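Novice: Provided below: entry.txt, containing compact mmCIF, C-alpha atoms and all ligand atoms.
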```txt
# COMPACT_ATOMS: atom_id res chain seq x y z
CA ASP A 296 -52.67 15.10 -9.75
CA SER A 297 -49.29 13.48 -10.21
CA VAL A 298 -48.04 13.00 -13.73
CA PHE A 299 -47.42 9.41 -12.61
CA ALA A 300 -50.92 8.87 -11.22
CA HIS A 301 -51.72 6.33 -13.93
CA LEU A 302 -49.01 3.92 -12.75
CA HIS A 303 -50.09 0.71 -11.11
CA ARG A 304 -47.94 -0.95 -8.47
CA SER A 305 -45.78 -3.69 -9.96
CA PRO A 306 -45.39 -6.97 -8.08
CA GLU A 307 -42.13 -7.59 -6.16
CA ASP A 308 -39.38 -9.44 -8.00
CA PRO A 309 -40.11 -13.09 -7.17
CA ILE A 310 -36.62 -13.72 -5.77
CA LEU A 311 -35.85 -10.38 -4.13
CA GLY A 312 -39.47 -10.36 -2.87
CA VAL A 313 -38.57 -13.16 -0.46
CA THR A 314 -36.01 -10.87 1.15
CA VAL A 315 -38.58 -8.09 1.39
CA ALA A 316 -40.97 -10.49 3.17
CA TYR A 317 -38.10 -11.70 5.39
CA ASN A 318 -37.17 -8.17 6.45
CA LYS A 319 -40.78 -7.43 7.35
CA ASP A 320 -41.17 -10.59 9.42
CA PRO A 321 -40.82 -9.94 13.20
CA SER A 322 -39.98 -13.57 14.14
CA PRO A 323 -36.68 -13.88 16.07
CA VAL A 324 -35.96 -17.32 14.57
CA LYS A 325 -36.53 -16.40 10.94
CA LEU A 326 -34.27 -17.77 8.23
CA ASN A 327 -34.02 -16.37 4.71
CA VAL A 328 -33.76 -19.36 2.40
CA GLY A 329 -34.45 -17.29 -0.71
CA VAL A 330 -31.33 -15.15 -0.90
CA GLY A 331 -28.57 -16.25 -3.28
CA ALA A 332 -25.81 -15.24 -0.92
CA TYR A 333 -23.46 -17.24 1.30
CA ARG A 334 -24.10 -17.25 5.04
CA THR A 335 -21.97 -18.33 8.01
CA ASP A 336 -23.05 -20.80 10.71
CA GLU A 337 -24.52 -17.79 12.51
CA GLY A 338 -26.61 -16.91 9.47
CA LYS A 339 -24.49 -13.81 8.84
CA PRO A 340 -22.98 -12.51 5.58
CA LEU A 341 -19.27 -13.30 5.22
CA VAL A 342 -16.53 -10.91 4.15
CA LEU A 343 -13.45 -12.93 3.21
CA ASN A 344 -10.28 -12.19 5.19
CA VAL A 345 -8.39 -11.77 1.97
CA VAL A 346 -10.91 -9.14 0.83
CA ARG A 347 -10.40 -7.20 4.09
CA GLN A 348 -6.63 -7.39 3.55
CA ALA A 349 -6.93 -6.15 -0.02
CA GLU A 350 -9.14 -3.26 1.08
CA GLN A 351 -6.62 -2.33 3.77
CA LYS A 352 -3.86 -2.33 1.20
CA LEU A 353 -5.88 -0.08 -1.09
CA VAL A 354 -6.72 2.36 1.71
CA ASN A 355 -3.07 2.59 2.77
CA ASP A 356 -1.88 3.35 -0.73
CA ARG A 357 -1.94 7.16 -0.81
CA SER A 358 -1.03 7.21 -4.48
CA ARG A 359 -4.47 5.88 -5.36
CA VAL A 360 -6.87 8.43 -6.78
CA LYS A 361 -10.53 8.45 -7.76
CA GLU A 362 -10.15 9.29 -11.43
CA TYR A 363 -12.54 7.74 -13.95
CA LEU A 364 -11.64 4.33 -15.26
CA PRO A 365 -11.58 3.84 -19.02
CA ILE A 366 -14.89 2.72 -20.62
CA VAL A 367 -13.71 -0.90 -20.53
CA GLY A 368 -12.66 -0.67 -16.87
CA LEU A 369 -9.46 -1.52 -15.04
CA ALA A 370 -7.00 -3.04 -17.54
CA GLU A 371 -5.20 -5.13 -14.94
CA PHE A 372 -8.49 -6.54 -13.64
CA ASN A 373 -9.59 -7.47 -17.16
CA LYS A 374 -6.34 -9.27 -17.91
CA LEU A 375 -6.40 -11.19 -14.64
CA SER A 376 -10.06 -12.09 -15.10
CA ALA A 377 -9.43 -13.60 -18.53
CA LYS A 378 -6.56 -15.60 -17.03
CA LEU A 379 -8.72 -16.86 -14.17
CA LEU A 380 -11.36 -17.89 -16.66
CA LEU A 381 -9.29 -19.47 -19.42
CA GLY A 382 -6.20 -20.57 -17.52
CA ALA A 383 -2.66 -19.19 -17.43
CA ASP A 384 -1.62 -21.22 -20.50
CA SER A 385 -4.61 -20.32 -22.67
CA PRO A 386 -3.65 -20.10 -26.37
CA ALA A 387 -6.52 -17.65 -26.96
CA ILE A 388 -4.99 -15.23 -24.44
CA GLN A 389 -1.47 -15.72 -25.78
CA GLU A 390 -2.72 -14.98 -29.28
CA ASN A 391 -4.57 -11.85 -28.07
CA ARG A 392 -7.88 -13.24 -29.32
CA VAL A 393 -9.78 -12.45 -26.14
CA THR A 394 -11.32 -9.10 -25.36
CA THR A 395 -12.38 -8.55 -21.75
CA VAL A 396 -14.34 -5.60 -20.42
CA GLN A 397 -15.14 -4.89 -16.78
CA CYS A 398 -18.90 -4.84 -16.20
CA LEU A 399 -21.36 -4.50 -13.34
CA SER A 400 -21.06 -8.03 -11.98
CA GLY A 401 -22.60 -11.00 -13.77
CA THR A 402 -25.87 -9.29 -14.62
CA GLY A 403 -24.16 -6.31 -16.24
CA SER A 404 -21.85 -8.61 -18.21
CA LEU A 405 -24.84 -10.54 -19.56
CA ARG A 406 -26.60 -7.33 -20.45
CA ILE A 407 -23.63 -5.79 -22.29
CA GLY A 408 -22.96 -9.06 -24.11
CA GLY A 409 -26.64 -9.37 -25.00
CA GLU A 410 -26.86 -5.84 -26.37
CA PHE A 411 -23.66 -6.26 -28.37
CA LEU A 412 -25.09 -9.43 -29.95
CA ALA A 413 -28.47 -7.79 -30.63
CA ARG A 414 -26.69 -5.07 -32.60
CA HIS A 415 -23.98 -6.98 -34.38
CA TYR A 416 -24.72 -10.68 -34.56
CA HIS A 417 -26.50 -12.13 -37.58
CA GLN A 418 -28.76 -14.48 -35.60
CA PRO A 419 -29.99 -12.45 -32.59
CA THR A 420 -31.92 -15.32 -30.98
CA ILE A 421 -30.78 -16.75 -27.65
CA TYR A 422 -31.79 -20.15 -26.30
CA ILE A 423 -31.89 -20.30 -22.51
CA PRO A 424 -32.31 -23.45 -20.41
CA GLN A 425 -35.70 -24.36 -19.00
CA PRO A 426 -35.68 -23.50 -16.12
CA THR A 427 -32.98 -20.89 -15.59
CA TRP A 428 -32.12 -17.94 -13.35
CA GLY A 429 -35.27 -15.80 -13.44
CA ASN A 430 -33.47 -12.68 -14.64
CA HIS A 431 -32.02 -14.28 -17.79
CA PRO A 432 -35.10 -13.91 -20.03
CA LYS A 433 -35.62 -10.31 -18.91
CA VAL A 434 -31.98 -9.26 -19.34
CA PHE A 435 -31.75 -10.69 -22.83
CA ALA A 436 -35.16 -9.43 -23.96
CA ARG A 437 -34.23 -5.91 -22.77
CA ALA A 438 -30.92 -6.23 -24.56
CA GLY A 439 -32.89 -6.71 -27.77
CA LEU A 440 -32.49 -10.45 -28.34
CA SER A 441 -35.30 -12.82 -29.16
CA VAL A 442 -35.46 -15.32 -26.28
CA LYS A 443 -36.32 -19.02 -26.74
CA ALA A 444 -36.04 -21.94 -24.33
CA TYR A 445 -34.39 -25.34 -24.59
CA ARG A 446 -35.32 -28.30 -22.42
CA TYR A 447 -32.88 -28.81 -19.56
CA TYR A 448 -34.38 -30.30 -16.43
CA ASP A 449 -36.39 -33.50 -16.14
CA PRO A 450 -38.63 -33.48 -13.05
CA ALA A 451 -39.16 -37.24 -13.34
CA THR A 452 -35.46 -38.06 -12.81
CA ARG A 453 -34.58 -34.78 -11.11
CA GLY A 454 -31.69 -34.78 -13.52
CA LEU A 455 -30.74 -33.47 -16.93
CA ASN A 456 -33.18 -33.92 -19.81
CA PHE A 457 -30.27 -34.62 -22.11
CA GLN A 458 -32.36 -35.99 -24.97
CA GLY A 459 -34.65 -32.95 -24.86
CA LEU A 460 -31.64 -30.62 -24.76
CA LEU A 461 -30.06 -32.25 -27.81
CA GLU A 462 -33.37 -32.19 -29.71
CA ASP A 463 -34.05 -28.53 -28.96
CA LEU A 464 -30.54 -27.33 -29.75
CA GLY A 465 -30.55 -29.63 -32.77
CA SER A 466 -33.63 -27.90 -34.16
CA ALA A 467 -32.48 -24.36 -33.29
CA PRO A 468 -31.70 -22.20 -36.34
CA SER A 469 -28.02 -22.42 -37.29
CA GLY A 470 -25.96 -19.71 -35.65
CA ALA A 471 -28.37 -19.22 -32.74
CA ILE A 472 -26.88 -18.14 -29.42
CA VAL A 473 -27.07 -20.66 -26.56
CA LEU A 474 -26.84 -19.64 -22.94
CA LEU A 475 -24.98 -22.24 -20.87
CA HIS A 476 -24.36 -22.14 -17.12
CA ALA A 477 -20.62 -22.78 -16.81
CA CYS A 478 -21.13 -24.78 -13.60
CA ALA A 479 -23.62 -25.13 -10.72
CA HIS A 480 -26.77 -24.53 -12.80
CA ASN A 481 -29.15 -22.12 -11.09
CA PRO A 482 -31.77 -23.11 -9.92
CA THR A 483 -31.59 -26.88 -10.51
CA GLY A 484 -28.04 -27.68 -9.35
CA VAL A 485 -27.93 -30.15 -12.25
CA ASP A 486 -24.88 -29.98 -14.53
CA PRO A 487 -24.10 -32.10 -17.60
CA THR A 488 -21.37 -34.74 -17.19
CA ILE A 489 -18.09 -34.29 -19.03
CA GLN A 490 -19.23 -36.70 -21.77
CA GLN A 491 -22.47 -34.79 -22.13
CA TRP A 492 -20.60 -31.46 -22.33
CA ASP A 493 -18.48 -33.00 -25.05
CA GLN A 494 -21.58 -33.99 -27.03
CA ILE A 495 -23.17 -30.57 -26.51
CA GLY A 496 -19.96 -29.03 -27.83
CA GLN A 497 -19.96 -31.23 -30.93
CA LEU A 498 -23.58 -30.42 -31.69
CA MET A 499 -22.95 -26.70 -31.22
CA ARG A 500 -19.95 -26.73 -33.51
CA SER A 501 -21.76 -28.72 -36.21
CA LYS A 502 -24.62 -26.21 -36.23
CA GLY A 503 -22.49 -23.11 -35.75
CA LEU A 504 -24.31 -22.26 -32.50
CA LEU A 505 -22.66 -19.50 -30.45
CA PRO A 506 -22.08 -20.28 -26.75
CA PHE A 507 -22.71 -17.57 -24.19
CA PHE A 508 -21.51 -18.89 -20.83
CA ASP A 509 -22.84 -17.53 -17.60
CA ASN A 510 -19.99 -18.12 -15.17
CA ALA A 511 -21.45 -16.87 -11.89
CA TYR A 512 -20.09 -19.61 -9.63
CA GLN A 513 -16.50 -20.41 -10.62
CA GLY A 514 -14.90 -22.20 -7.65
CA PHE A 515 -18.17 -22.28 -5.76
CA ALA A 516 -19.31 -25.63 -7.17
CA SER A 517 -16.31 -27.87 -6.47
CA GLY A 518 -14.12 -25.53 -4.47
CA ASP A 519 -11.58 -25.62 -7.32
CA LEU A 520 -11.37 -22.65 -9.69
CA ASP A 521 -9.82 -24.62 -12.54
CA ALA A 522 -12.20 -27.57 -12.29
CA ASP A 523 -15.23 -25.30 -12.42
CA ALA A 524 -13.93 -23.56 -15.54
CA GLN A 525 -13.09 -26.72 -17.46
CA TYR A 526 -16.12 -26.71 -19.77
CA VAL A 527 -15.62 -23.11 -20.79
CA ARG A 528 -11.97 -23.93 -21.45
CA MET A 529 -12.98 -26.98 -23.47
CA PHE A 530 -15.05 -24.79 -25.80
CA ALA A 531 -12.37 -22.12 -26.07
CA ALA A 532 -9.66 -24.72 -26.72
CA ASN A 533 -11.46 -25.91 -29.82
CA GLY A 534 -10.90 -22.57 -31.47
CA GLY A 535 -14.55 -21.65 -31.34
CA GLU A 536 -15.79 -18.16 -30.60
CA CYS A 537 -17.79 -17.63 -27.42
CA LEU A 538 -18.91 -15.08 -24.85
CA VAL A 539 -18.48 -15.45 -21.11
CA ALA A 540 -20.05 -13.41 -18.32
CA GLN A 541 -18.00 -13.61 -15.14
CA SER A 542 -19.06 -12.61 -11.64
CA TYR A 543 -17.05 -12.17 -8.44
CA ALA A 544 -20.24 -11.81 -6.38
CA LYS A 545 -20.19 -15.32 -4.97
CA ASN A 546 -16.62 -16.54 -5.24
CA MET A 547 -15.06 -13.43 -3.66
CA GLY A 548 -18.21 -12.50 -1.75
CA LEU A 549 -18.22 -9.09 -3.46
CA TYR A 550 -21.99 -9.11 -4.13
CA GLY A 551 -22.82 -5.44 -3.61
CA GLU A 552 -19.53 -4.17 -5.08
CA ARG A 553 -20.78 -5.32 -8.51
CA VAL A 554 -17.56 -6.81 -9.86
CA GLY A 555 -17.59 -8.81 -13.06
CA ALA A 556 -16.35 -9.04 -16.61
CA LEU A 557 -17.48 -9.93 -20.09
CA SER A 558 -14.96 -11.82 -22.20
CA ILE A 559 -15.41 -12.51 -25.88
CA VAL A 560 -13.09 -15.13 -27.35
CA CYS A 561 -12.60 -14.42 -31.05
CA LYS A 562 -10.95 -16.13 -34.01
CA THR A 563 -8.24 -13.52 -34.44
CA ALA A 564 -6.62 -10.65 -32.54
CA ASP A 565 -7.84 -8.22 -35.16
CA VAL A 566 -11.47 -9.27 -34.73
CA ALA A 567 -11.08 -9.11 -30.93
CA SER A 568 -9.92 -5.50 -31.07
CA ARG A 569 -12.79 -4.51 -33.36
CA VAL A 570 -15.24 -6.28 -31.03
CA GLU A 571 -13.82 -4.28 -28.13
CA SER A 572 -14.27 -1.01 -29.99
CA GLN A 573 -17.96 -1.87 -30.46
CA LEU A 574 -18.40 -2.93 -26.83
CA LYS A 575 -17.30 0.58 -25.86
CA LEU A 576 -20.14 1.99 -27.96
CA VAL A 577 -22.60 -0.15 -25.98
CA ILE A 578 -21.16 0.83 -22.58
CA ARG A 579 -20.53 4.56 -22.99
CA PRO A 580 -24.17 5.67 -23.39
CA MET A 581 -25.35 3.22 -20.69
CA TYR A 582 -23.17 4.06 -17.67
CA SER A 583 -20.04 5.58 -19.20
CA ASP A 584 -17.49 3.52 -17.29
CA PRO A 585 -17.53 1.07 -14.38
CA PRO A 586 -16.72 1.72 -10.69
CA ILE A 587 -13.15 1.40 -9.44
CA HIS A 588 -13.27 -0.01 -5.90
CA GLY A 589 -14.50 -3.59 -6.29
CA ALA A 590 -12.41 -4.28 -9.36
CA SER A 591 -9.34 -2.98 -7.49
CA ILE A 592 -10.03 -5.42 -4.65
CA ALA A 593 -10.31 -8.33 -7.09
CA ALA A 594 -7.17 -7.30 -8.99
CA THR A 595 -5.18 -6.92 -5.75
CA ILE A 596 -6.05 -10.50 -4.81
CA LEU A 597 -5.61 -11.99 -8.27
CA LYS A 598 -2.13 -10.55 -8.86
CA ASP A 599 -0.55 -11.42 -5.53
CA ARG A 600 0.50 -15.05 -5.14
CA ALA A 601 0.00 -15.22 -1.37
CA MET A 602 -3.35 -13.46 -1.46
CA TYR A 603 -4.53 -15.61 -4.34
CA ASP A 604 -3.60 -18.74 -2.39
CA GLU A 605 -5.42 -17.50 0.66
CA TRP A 606 -8.46 -16.75 -1.50
CA THR A 607 -8.54 -20.32 -2.82
CA ILE A 608 -8.46 -21.65 0.75
CA GLU A 609 -11.35 -19.43 1.86
CA LEU A 610 -13.26 -20.28 -1.30
CA LYS A 611 -12.80 -24.00 -0.73
CA ALA A 612 -14.06 -23.60 2.83
CA MET A 613 -17.26 -21.96 1.54
CA ALA A 614 -17.81 -24.67 -1.07
CA ASP A 615 -17.15 -27.42 1.48
CA ARG A 616 -19.58 -25.89 3.95
CA ILE A 617 -22.30 -25.81 1.29
CA ILE A 618 -21.69 -29.48 0.52
CA SER A 619 -21.82 -30.36 4.21
CA MET A 620 -25.05 -28.34 4.68
CA ARG A 621 -26.62 -30.42 1.90
CA GLN A 622 -25.62 -33.62 3.66
CA GLN A 623 -26.95 -32.40 7.00
CA LEU A 624 -30.28 -31.37 5.49
CA PHE A 625 -30.57 -34.72 3.73
CA ASP A 626 -29.73 -36.64 6.93
CA ALA A 627 -32.23 -34.60 8.93
CA LEU A 628 -35.01 -35.24 6.40
CA ARG A 629 -34.25 -38.95 6.44
CA ALA A 630 -34.00 -39.15 10.24
CA ARG A 631 -37.53 -37.72 10.44
CA GLY A 632 -38.85 -40.22 7.95
CA THR A 633 -39.93 -37.39 5.62
CA PRO A 634 -41.89 -38.91 2.73
CA GLY A 635 -40.27 -38.80 -0.70
CA ASP A 636 -36.81 -39.31 -2.14
CA TRP A 637 -34.56 -36.45 -1.07
CA SER A 638 -31.37 -37.69 -2.68
CA HIS A 639 -31.49 -34.73 -5.08
CA VAL A 640 -30.51 -32.53 -2.14
CA ILE A 641 -27.05 -34.13 -2.06
CA LYS A 642 -26.73 -34.82 -5.79
CA GLN A 643 -27.22 -31.20 -6.82
CA ILE A 644 -24.21 -28.93 -7.32
CA GLY A 645 -23.74 -25.40 -6.03
CA MET A 646 -25.40 -23.17 -3.48
CA PHE A 647 -29.06 -23.76 -4.38
CA THR A 648 -31.27 -26.67 -3.49
CA PHE A 649 -34.04 -27.22 -6.00
CA THR A 650 -36.47 -28.64 -3.45
CA GLU A 651 -39.29 -29.46 -5.88
CA LEU A 652 -41.69 -28.09 -3.27
CA ASN A 653 -44.56 -26.40 -5.10
CA SER A 654 -46.00 -23.02 -4.18
CA GLU A 655 -48.93 -24.56 -2.24
CA GLN A 656 -46.52 -26.60 -0.16
CA VAL A 657 -44.34 -23.57 0.55
CA ALA A 658 -47.42 -21.50 1.44
CA PHE A 659 -48.62 -24.30 3.73
CA MET A 660 -45.29 -24.46 5.57
CA THR A 661 -45.06 -20.70 6.04
CA ARG A 662 -48.71 -20.50 7.11
CA GLU A 663 -48.98 -23.55 9.42
CA TYR A 664 -45.46 -23.73 10.81
CA HIS A 665 -44.51 -20.09 11.09
CA HIS A 666 -43.01 -19.19 14.49
CA ILE A 667 -43.79 -15.78 15.85
N1 LIG A 701 -26.18 -15.63 -13.30
C1 LIG A 701 -26.66 -16.53 -12.44
C2 LIG A 701 -26.89 -17.92 -12.92
C3 LIG A 701 -26.92 -16.19 -11.13
O1 LIG A 701 -27.39 -17.11 -10.29
C4 LIG A 701 -26.70 -14.86 -10.70
C5 LIG A 701 -27.00 -14.44 -9.32
O2 LIG A 701 -27.68 -15.06 -8.56
C6 LIG A 701 -26.20 -13.95 -11.62
C7 LIG A 701 -25.94 -14.37 -12.91
C8 LIG A 701 -25.95 -12.49 -11.34
O3 LIG A 701 -25.19 -12.21 -10.28
P1 LIG A 701 -24.46 -10.83 -10.11
O4 LIG A 701 -25.05 -9.85 -11.07
O5 LIG A 701 -24.70 -10.46 -8.69
O6 LIG A 701 -23.04 -11.10 -10.41
```
Now, as a test, write the supplied structure out as C-alpha cells.

Specialist:
Amino acid sequence: DSVFAHLHRSPEDPILGVTVAYNKDPSPVKLNVGVGAYRTDEGKPLVLNVVRQAEQKLVNDRSRVKEYLPIVGLAEFNKLSAKLLLGADSPAIQENRVTTVQCLSGTGSLRIGGEFLARHYHQPTIYIPQPTWGNHPKVFARAGLSVKAYRYYDPATRGLNFQGLLEDLGSAPSGAIVLLHACAHNPTGVDPTIQQWDQIGQLMRSKGLLPFFDNAYQGFASGDLDADAQYVRMFAANGGECLVAQSYAKNMGLYGERVGALSIVCKTADVASRVESQLKLVIRPMYSDPPIHGASIAATILKDRAMYDEWTIELKAMADRIISMRQQLFDALRARGTPGDWSHVIKQIGMFTFTELNSEQVAFMTREYHHI
C-alpha cells in the first residue's frame, strides 16, 4: 500500500476550480467568467506589445547571463517598483526609509510580509476585510498571523459598510495589522471615497494600527498609475510605517511570470536596513532567491521613458475596455428587463463584477442554460 494511502482528496480551490470546470467543458461557446485575468474581445489572453518589445531586447542582449539573483532580487527592479508605488518625489524614498524586496508576485509578497510580521511584530494579528480575496486568510494564517475580519461590504446598499468598518477597526487591539486593498477591492469592486480613506487613516494613526496594503491592481482601476496609488501615498506621506505588496500580474499582464515586490516603509533608514536583513532570513530558507526573467521585463519597461509611456497607453486601454464592458453588460441587462437593480455593475471599480448572484442562482444558470 502507498505510504500516502490515508490521504483524502481535497476539494478544488473555489476560484481556480472554475477554470478546471471550464477546461473540462466541451461546449464551443463557453466563457470563463471566473478567471481573474484580462481577456481581449476574442476572449484570448493579452500579451502587451511593450512586454514583447522588452523580451526581445533581453533576448538580443548577449551580455545577459543566468546567474542567481541576490536573495532580495533584482536591485534595479526593486528601486523602480518603489518609485512606481510611492511616486518619483517620495520623501520616504529620498530618505532611504523604504526597503523593497522582489517576491513571487502579489501572493508571494503578502506571504513574505506576513511571515516577517509573525516573527518580528509585537501584535501579530491581521484584520482583513469581509469579504476579501479568498487566498488572504490562508496566506496570512500560514504565515503565522492570527487572522480576524472587519466589516467592509454592505449587501443592502451594495456599497461600503463604513460605520461597521470604523467600529471594527476602532475596537481592534492597538497596534493590530490591517489589510487594505490599495484600489479596486476584490471581490466587491467597492472602494472608500477619498474622505473615507482620510478618516480610516486618522483612526489607524490614533490607534497605532499598522497598514498592510495589497496593491494588486495599480493602474487597472482608473487607468492612471498615480491615481490608483494615491491612498498608499497618503499613508506614507504622513510619516507612518506600512507594508505594501505589489503585483505586476494584472497591470503588465505578467501573471505567470510571478513578478511582484514587498515594500516596507520605515521611520528611519537605519530601521529599513535592519528590516531588510530580516526579510532575507525569511526568504532564504523558503525559495532562496527569486527568478530573473519577469523582473527583468518589468525593469526594462520601467526604466525606459518611451517604453514606460507605451505601457501606460496599453494599460489605459485595458482599464477603459473593462469600464466599457461593465456598461455594455448593464445596458444588456436593462434592455432585457432583467429584474433587480443592476447599477452596481457600473458603480464597481476594477476587473471584477460582484454580481450578488447566490450559488443556487449560479447553479440554476449553468444547469438550465448551458449550451452544449
Ligand atoms: N491580491 C488580490 C486582491 C488579488 O486579487 C490577487 C489576484 O487575483 C492577488 C493578490 C495575487 O495575485 P498574484 O499573486 O498573481 O500577483

Novice: Using only the atoms of segment 416-425 of chain A listed in the file, plus 3 Å on each side, state the axis-aligned box centre and edge lengths in Å rounded to one decimal, as lines of an AutoDock Vina configuration file.

Specialist:
```
center_x = -30.2
center_y = -17.5
center_z = -28.3
size_x = 17.0
size_y = 19.7
size_z = 24.6
```

Novice: Can you pull out the residues contacting segment 587-603 of chain A? Cut-off 9 Å, using all atoms listed in the file, and skip same-chain residues under 2 positions away; I want them as a tab-separated table (two decimals) with C-alpha atoms, in the frame of the given file.

Specialist:
```
chain	number	residue	atom	x	y	z
A	345	VAL	CA	-8.39	-11.77	1.97
A	346	VAL	CA	-10.91	-9.14	0.83
A	347	ARG	CA	-10.40	-7.20	4.09
A	348	GLN	CA	-6.63	-7.39	3.55
A	349	ALA	CA	-6.93	-6.15	-0.02
A	350	GLU	CA	-9.14	-3.26	1.08
A	352	LYS	CA	-3.86	-2.33	1.20
A	353	LEU	CA	-5.88	-0.08	-1.09
A	361	LYS	CA	-10.53	8.45	-7.76
A	362	GLU	CA	-10.15	9.29	-11.43
A	363	TYR	CA	-12.54	7.74	-13.95
A	364	LEU	CA	-11.64	4.33	-15.26
A	368	GLY	CA	-12.66	-0.67	-16.87
A	369	LEU	CA	-9.46	-1.52	-15.04
A	371	GLU	CA	-5.20	-5.13	-14.94
A	372	PHE	CA	-8.49	-6.54	-13.64
A	373	ASN	CA	-9.59	-7.47	-17.16
A	375	LEU	CA	-6.40	-11.19	-14.64
A	376	SER	CA	-10.06	-12.09	-15.10
A	379	LEU	CA	-8.72	-16.86	-14.17
A	397	GLN	CA	-15.14	-4.89	-16.78
A	543	TYR	CA	-17.05	-12.17	-8.44
A	547	MET	CA	-15.06	-13.43	-3.66
A	549	LEU	CA	-18.22	-9.09	-3.46
A	551	GLY	CA	-22.82	-5.44	-3.61
A	552	GLU	CA	-19.53	-4.17	-5.08
A	553	ARG	CA	-20.78	-5.32	-8.51
A	554	VAL	CA	-17.56	-6.81	-9.86
A	555	GLY	CA	-17.59	-8.81	-13.06
A	585	PRO	CA	-17.53	1.07	-14.38
A	605	GLU	CA	-5.42	-17.50	0.66
A	606	TRP	CA	-8.46	-16.75	-1.50
A	607	THR	CA	-8.54	-20.32	-2.82
A	608	ILE	CA	-8.46	-21.65	0.75
```

Novice: Counting only C-alpha atoms and all ligand atoms, what residues are within 6 Å of ligand LIG 701 (chain A), given as a PDB file with C-alpha atoms, in the frame of the given file?

Specialist:
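Contents of the output file pocket_7.pdb:
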```
ATOM      1  CA  GLY A 331     -28.570 -16.250  -3.280  1.00  0.00           C
ATOM      2  CA  SER A 400     -21.060  -8.030 -11.980  1.00  0.00           C
ATOM      3  CA  GLY A 401     -22.600 -11.000 -13.770  1.00  0.00           C
ATOM      4  CA  THR A 402     -25.870  -9.290 -14.620  1.00  0.00           C
ATOM      5  CA  TRP A 428     -32.120 -17.940 -13.350  1.00  0.00           C
ATOM      6  CA  ASN A 481     -29.150 -22.120 -11.090  1.00  0.00           C
ATOM      7  CA  ASP A 509     -22.840 -17.530 -17.600  1.00  0.00           C
ATOM      8  CA  ALA A 511     -21.450 -16.870 -11.890  1.00  0.00           C
ATOM      9  CA  SER A 542     -19.060 -12.610 -11.640  1.00  0.00           C
ATOM     10  CA  ALA A 544     -20.240 -11.810  -6.380  1.00  0.00           C
ATOM     11  CA  TYR A 550     -21.990  -9.110  -4.130  1.00  0.00           C
TER      12      TYR A 550
END
```

Novice: Out of A:Met613, A:Ala524, A:Leu311, A:Ala516, which residue has the shortest atom-to-atom distance to Pro340 of chain A when counting only C-alpha atoms?

Specialist: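 Of A:Met613, A:Ala524, A:Leu311, A:Ala516, the one nearest Pro340 of chain A is A:Met613, counting only C-alpha atoms.
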
Novice: Just how far from atom CA of Arg579 of chain A is atom CA of Ser358 of chain A, in Å to one decimal?

Specialist: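 Atom CA of Arg579 of chain A lies 27.0 Å from atom CA of Ser358 of chain A.
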
Novice: Identify which of the residues A:Asp636, A:Ala377, A:Phe530, A:His666 lies closest to Ala451 of chain A, counting all atoms listed in the file when measuring atom-to-atom distances.

Specialist: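 The closest residue to Ala451 of chain A is A:Asp636.
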
Novice: Report as number ranges by chain all protein, DNA and RNA residues lying within 6 Å of segment 637-650 of chain A, evaluated on all atoms listed in the file, omitting residues in the same chain fewer than 3 positions from it.

Specialist: A: 479, 483-485, 516, 621-622

Novice: By how many Å are atom CA of Lys443 of chain A and atom CA of Leu412 of chain A apart?

Specialist: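 Taking atom CA of Lys443 of chain A as the start and atom CA of Leu412 of chain A as the end point, the length is 15.1 Å.
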
Novice: In Å, how far is it from atom CA of Pro586 of chain A to atom CA of Tyr333 of chain A?

Specialist: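 These atoms are spaced 23.4 Å apart.
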
Novice: For Gly338 of chain A, list every protein, DNA or RNA residue within 12 Å, evaluated using only C-alpha atoms, and leave out those in the same chain fewer than 5 positions away; present the list as a list in words.

Specialist: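 Close residues of Gly338 of chain A: Val324, Lys325, Leu326, Asn327, Val328, Val330, Ala332 and Tyr333 of chain A.
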
Novice: Smallest atom-to-atom distance to Leu474 of chain A: which of A:Val539, A:Met581, A:Leu498, A:Met529, using all atoms listed in the file?

Specialist: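 Closest residue, counting all atoms listed in the file: A:Val539.
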
Novice: Excluding Tyr422 of chain A and residues on its chain fewer than 2 positions from it, collect all residues at most 10 Å away from it, counting all atoms listed in the file, and give them as a ChimeraX atom specification.

Specialist: /A:420,424-425,432,440-446,463-464,467,471-475,504,506-507

Novice: Hey, which of A:Arg392, A:Ala630, A:Gly548, A:Pro426 ends up closest to Asp449 of chain A? Count all atoms listed in the file.

Specialist: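 Looking at the shortest contact to Asp449 of chain A, the residue is A:Pro426.
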
Novice: What's around Leu405 of chain A at 8 Å? Count all atoms listed in the file, leave out sequence neighbours fewer than 4 positions away in its own chain, and write the answer as a ChimeraX atom specification.

Specialist: /A:401,409,434-435,509,540,557

Novice: Which residue, A:Ser572, A:Ser466, A:Thr314, A:Gln418, has the smallest gap to Ile366 of chain A when you use all atoms listed in the file?

Specialist: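 Between A:Ser572, A:Ser466, A:Thr314, A:Gln418, the residue approaching Ile366 of chain A most closely is A:Ser572.
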
Novice: Taking only C-alpha atoms into account, name the residue in A:Ser305, A:Thr335, A:Ser517, A:Gln491 that is nearest to Met620 of chain A.

Specialist: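 Looking only at the distances to Met620 of chain A, the closest residue turns out to be A:Thr335.
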